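> Please read through the structure below; I'll follow up with questions.
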Amino acid sequence: MPRIRPLASLLVVLLAALPAVGAGPPNITITDAWIRAVPGSAVAAAYFDARNNGSQPLTIVGIRSSAAANAMIHESTLVGTRSTMRVHEQLSLPPGQTVHLSPGGMHVMLVDLRQPLRPGDEVQLVLLFEGGASRAITARVRALEAQ
């Protein structure tokens with residue numbers, strides 16, 4: 001009976017560590033994370049550069065932020081003189097490549113802001129990766145006319 005207790009304890013420790021094994025941190029570098037402040041608006045757009053430093057593709061399957069009720073990956077396109085926006089369910093990051101989220105293209109749409117964003121504020125975004133990993137980043141709020 002005394003041998004069972006240490007084995008059971010070891011099993012509990014190993015089982016507790018299992019979820020962390022499959023959800024290790026992605027080999028990614030995020031730079032220039034920022035959000036455009038739009039005074040009086042309940043939405044804002046976030047931008048950043050994401051570089052996959054690994055040898056395997058990475059996929060961002062969602063984004064969360066405590067600053068907004070919803071955060072979604074969007075892409076803006078200009079067709080003639082008409083601008084359109086569509087939701088992307090995920091964002092693929094090929095190995096060794098950098099994906100740019102920038103005004104007029106791919107971006108994160110923050111919807112139903114919990115409070116107004118002002119230039120200089122910092123907002124945390126949590127990138128959710130396929131496989132369960134996540135990465136928190138901080139985006140600084142810039143003025144409306146910022147590029």
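As shown in the structure tokens, the chain order sets the letters A, B, ...; within each chain, residues go from 1, and ligands are also counted from 1 in the order they appear.
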Could you please write out, as a ChimeraX atom specification, every residue of chain A that DSSP assigns to strand (DSSP E or B)?
/A:28-36,43-52,58-64,68-79,82-88,91-93,98-101,106-113,122-129,134-142
> With only C-alpha atoms as the counted atoms, please give the residues lying no more than 7 Å from segment 112-126 of chain A, apart from itself and same-chain residues fewer than 3 positions off, as a list in words.
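Neighbouring residues, sequence-local ones excluded: Ala37, Ala42, Val43, Ile63, Arg64, Ser65, Ala67, Ala68, Ala69, Asn70, Ser134, Arg135, Ala136, Ile137, Thr138, Ala139, Arg140, Val141, Arg142 and Ala143 of chain A.
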> List the spatial neighbours of segment 73-81 of chain A as number ranges by chain - criterion: any atom at most 12 Å away, only C-alpha atoms, same-chain residues fewer than 6 positions off excluded.
A: 44-48, 60-64, 87-92, 100-111, 127-128
> Please return as a VMD selection string: the residues of segment 15-135 of chain A that backbone DSSP assigns to helix (DSSP H, G or I).
chain A and resid 15 to 22
> How many Å separate atom CA of Pro39 of chain A from atom CA of Ser66 of chain A?
18.8 Å
